[in-house]
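Visitor: Right, I'll just put the structure down here and ask away after.
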Amino acid sequence: MDWKLDDGRPIWPQLAQLLTRRIIAGIYPPGSRLPPVRELAAEAGVNPNTMQRALAQLEQDGLAKADRTAGRLVTRDAAALEAVRIQEARAVIQQYFEAMAALGYTREQALALLKEEFQ
């Protein structure tokens with residue numbers, strides 16, 4: 001998965017969002033071990049302290065848990081994972097409607113175009 005980072009926003013929240021999406025997409029399945037901080041940092045091309053902050057956010061959000069012997073593990077809580085999946089989906093939907101509004105479409109017109117695309 002590509003680490004596309006936007007220079008206009010702080011990096012650690014972007015990393016946390018990308019890791020969250022990897023978790024809810026099943027790239028890191030429930031109960032699995034997350035890669036070590038340094039490995040993730042090297043892969044993303046960021047400072048390990050920045051990646052550490054992103055991983056701490058995952059813990060705060062209840063998506064990961066630190067284990068002294070196993071490192072960080074993805075939560076097994078299916079309800080928490082589904083709640084985050086829905087939250088992320090709603091954010092994507094909101095982005096769609098905002099982009100369509102920028103093109104001059106109302107929400108109703110944007111929704112009609114979306115429905116038309118699926119038929």
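Chain labels A, B, ... are given in the sequence in which chains occur in the structure tokens; within each chain residues are numbered consecutively from 1, and ligands are likewise numbered from 1 in the order shown.
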Can you pull out every residue within 12 Å of Glu88 (chain A), counting only C-alpha atoms, but drop anything in the same chain fewer than 6 positions away, and send it as a PDB file with N, CA and C atoms, in the first residue's frame?

Guide:
```
ATOM      1  N   GLN A  17      -4.460   7.588   9.953  1.00  0.00           N
ATOM      2  CA  GLN A  17      -5.593   7.297   9.078  1.00  0.00           C
ATOM      3  C   GLN A  17      -5.259   6.181   8.080  1.00  0.00           C
ATOM      4  N   LEU A  18      -4.061   6.232   7.511  1.00  0.00           N
ATOM      5  CA  LEU A  18      -3.664   5.181   6.573  1.00  0.00           C
ATOM      6  C   LEU A  18      -3.575   3.824   7.263  1.00  0.00           C
ATOM      7  N   THR A  20      -5.231   2.990   9.964  1.00  0.00           N
ATOM      8  CA  THR A  20      -6.620   2.636  10.279  1.00  0.00           C
ATOM      9  C   THR A  20      -7.276   1.981   9.078  1.00  0.00           C
ATOM     10  N   ARG A  21      -7.061   2.567   7.907  1.00  0.00           N
ATOM     11  CA  ARG A  21      -7.659   2.003   6.693  1.00  0.00           C
ATOM     12  C   ARG A  21      -7.076   0.632   6.374  1.00  0.00           C
ATOM     13  N   ARG A  22      -5.810   0.436   6.652  1.00  0.00           N
ATOM     14  CA  ARG A  22      -5.217  -0.893   6.449  1.00  0.00           C
ATOM     15  C   ARG A  22      -5.866  -1.916   7.377  1.00  0.00           C
ATOM     16  N   ILE A  23      -6.144  -1.488   8.595  1.00  0.00           N
ATOM     17  CA  ILE A  23      -6.764  -2.394   9.568  1.00  0.00           C
ATOM     18  C   ILE A  23      -8.186  -2.738   9.146  1.00  0.00           C
ATOM     19  N   ILE A  24      -8.994  -1.731   8.810  1.00  0.00           N
ATOM     20  CA  ILE A  24     -10.393  -2.027   8.485  1.00  0.00           C
ATOM     21  C   ILE A  24     -10.537  -2.712   7.131  1.00  0.00           C
ATOM     22  N   ALA A  25      -9.517  -2.593   6.283  1.00  0.00           N
ATOM     23  CA  ALA A  25      -9.539  -3.297   4.995  1.00  0.00           C
ATOM     24  C   ALA A  25      -9.060  -4.739   5.129  1.00  0.00           C
ATOM     25  N   LEU A  81     -14.172  -2.361  15.160  1.00  0.00           N
ATOM     26  CA  LEU A  81     -13.681  -2.299  13.786  1.00  0.00           C
ATOM     27  C   LEU A  81     -14.787  -1.870  12.826  1.00  0.00           C
ATOM     28  N   GLU A  82     -15.977  -2.406  13.005  1.00  0.00           N
ATOM     29  CA  GLU A  82     -17.097  -2.038  12.138  1.00  0.00           C
ATOM     30  C   GLU A  82     -17.500  -0.584  12.343  1.00  0.00           C
ATOM     31  N   GLN A  94     -18.935  11.997   2.442  1.00  0.00           N
ATOM     32  CA  GLN A  94     -18.955  13.453   2.628  1.00  0.00           C
ATOM     33  C   GLN A  94     -17.996  14.131   1.653  1.00  0.00           C
ATOM     34  N   GLN A  95     -16.824  13.541   1.456  1.00  0.00           N
ATOM     35  CA  GLN A  95     -15.862  14.091   0.501  1.00  0.00           C
ATOM     36  C   GLN A  95     -16.452  14.091  -0.912  1.00  0.00           C
TER      37      GLN A  95
END
```

Visitor: Once DSSP has gone over the backbone, tell me which residues of chain A are in alpha helix (DSSP H), as an MDAnalysis selection string.

Guide: chainID A and resid 11:24 37:44 48:60 78:102 107:117

Visitor: Could you write out that same residue set with C-alpha atoms as a JSON list (two decimals), in the first residue's frame?

Guide:
```
[["chain", "number", "residue", "atom", "x", "y", "z"],
["A", 11, "ILE", "CA", 2.01, 13.79, 9.05],
["A", 12, "TRP", "CA", 1.18, 11.68, 12.10],
["A", 13, "PRO", "CA", -2.63, 11.98, 11.75],
["A", 14, "GLN", "CA", -2.30, 11.03, 8.09],
["A", 15, "LEU", "CA", -0.26, 7.98, 9.06],
["A", 16, "ALA", "CA", -2.83, 7.05, 11.70],
["A", 17, "GLN", "CA", -5.59, 7.30, 9.08],
["A", 18, "LEU", "CA", -3.66, 5.18, 6.57],
["A", 19, "LEU", "CA", -2.96, 2.54, 9.22],
["A", 20, "THR", "CA", -6.62, 2.64, 10.28],
["A", 21, "ARG", "CA", -7.66, 2.00, 6.69],
["A", 22, "ARG", "CA", -5.22, -0.89, 6.45],
["A", 23, "ILE", "CA", -6.76, -2.39, 9.57],
["A", 24, "ILE", "CA", -10.39, -2.03, 8.49],
["A", 37, "VAL", "CA", 7.64, 1.07, 14.46],
["A", 38, "ARG", "CA", 10.98, 1.30, 12.67],
["A", 39, "GLU", "CA", 9.83, -0.97, 9.86],
["A", 40, "LEU", "CA", 6.66, 1.06, 9.29],
["A", 41, "ALA", "CA", 8.61, 4.33, 9.52],
["A", 42, "ALA", "CA", 11.14, 3.16, 6.94],
["A", 43, "GLU", "CA", 8.36, 1.97, 4.63],
["A", 44, "ALA", "CA", 6.56, 5.33, 4.91],
["A", 48, "PRO", "CA", 10.19, 6.65, 13.83],
["A", 49, "ASN", "CA", 8.93, 9.14, 16.45],
["A", 50, "THR", "CA", 6.30, 10.34, 13.99],
["A", 51, "MET", "CA", 5.18, 6.76, 13.32],
["A", 52, "GLN", "CA", 5.17, 6.07, 17.06],
["A", 53, "ARG", "CA", 2.74, 8.95, 17.53],
["A", 54, "ALA", "CA", 0.46, 7.55, 14.80],
["A", 55, "LEU", "CA", 0.50, 4.11, 16.43],
["A", 56, "ALA", "CA", -0.26, 5.67, 19.82],
["A", 57, "GLN", "CA", -3.34, 7.22, 18.19],
["A", 58, "LEU", "CA", -4.45, 3.77, 17.01],
["A", 59, "GLU", "CA", -4.17, 2.57, 20.60],
["A", 60, "GLN", "CA", -6.15, 5.56, 21.83],
["A", 78, "ALA", "CA", -15.37, -6.71, 15.65],
["A", 79, "ALA", "CA", -17.85, -4.05, 16.80],
["A", 80, "ALA", "CA", -15.10, -1.45, 17.20],
["A", 81, "LEU", "CA", -13.68, -2.30, 13.79],
["A", 82, "GLU", "CA", -17.10, -2.04, 12.14],
["A", 83, "ALA", "CA", -17.79, 1.30, 13.84],
["A", 84, "VAL", "CA", -14.54, 2.69, 12.47],
["A", 85, "ARG", "CA", -15.27, 1.23, 9.03],
["A", 86, "ILE", "CA", -18.64, 3.02, 8.98],
["A", 87, "GLN", "CA", -17.04, 6.26, 10.21],
["A", 88, "GLU", "CA", -14.43, 6.11, 7.41],
["A", 89, "ALA", "CA", -17.11, 5.30, 4.82],
["A", 90, "ARG", "CA", -19.16, 8.30, 5.91],
["A", 91, "ALA", "CA", -16.09, 10.53, 5.59],
["A", 92, "VAL", "CA", -15.54, 9.31, 2.02],
["A", 93, "ILE", "CA", -19.21, 9.94, 1.21],
["A", 94, "GLN", "CA", -18.96, 13.45, 2.63],
["A", 95, "GLN", "CA", -15.86, 14.09, 0.50],
["A", 96, "TYR", "CA", -17.81, 12.96, -2.57],
["A", 97, "PHE", "CA", -20.66, 15.36, -1.87],
["A", 98, "GLU", "CA", -18.22, 18.22, -1.21],
["A", 99, "ALA", "CA", -16.40, 17.55, -4.49],
["A", 100, "MET", "CA", -19.67, 17.43, -6.38],
["A", 101, "ALA", "CA", -20.81, 20.68, -4.75],
["A", 102, "ALA", "CA", -17.57, 22.26, -5.97],
["A", 107, "ARG", "CA", -26.71, 16.72, -3.04],
["A", 108, "GLU", "CA", -29.75, 15.36, -4.83],
["A", 109, "GLN", "CA", -28.10, 15.68, -8.25],
["A", 110, "ALA", "CA", -24.91, 14.08, -6.95],
["A", 111, "LEU", "CA", -26.90, 11.21, -5.47],
["A", 112, "ALA", "CA", -28.81, 10.76, -8.74],
["A", 113, "LEU", "CA", -25.52, 10.56, -10.66],
["A", 114, "LEU", "CA", -24.18, 8.01, -8.22],
["A", 115, "LYS", "CA", -27.32, 5.86, -8.55],
["A", 116, "GLU", "CA", -27.14, 6.16, -12.32],
["A", 117, "GLU", "CA", -23.55, 4.92, -12.26]]
```
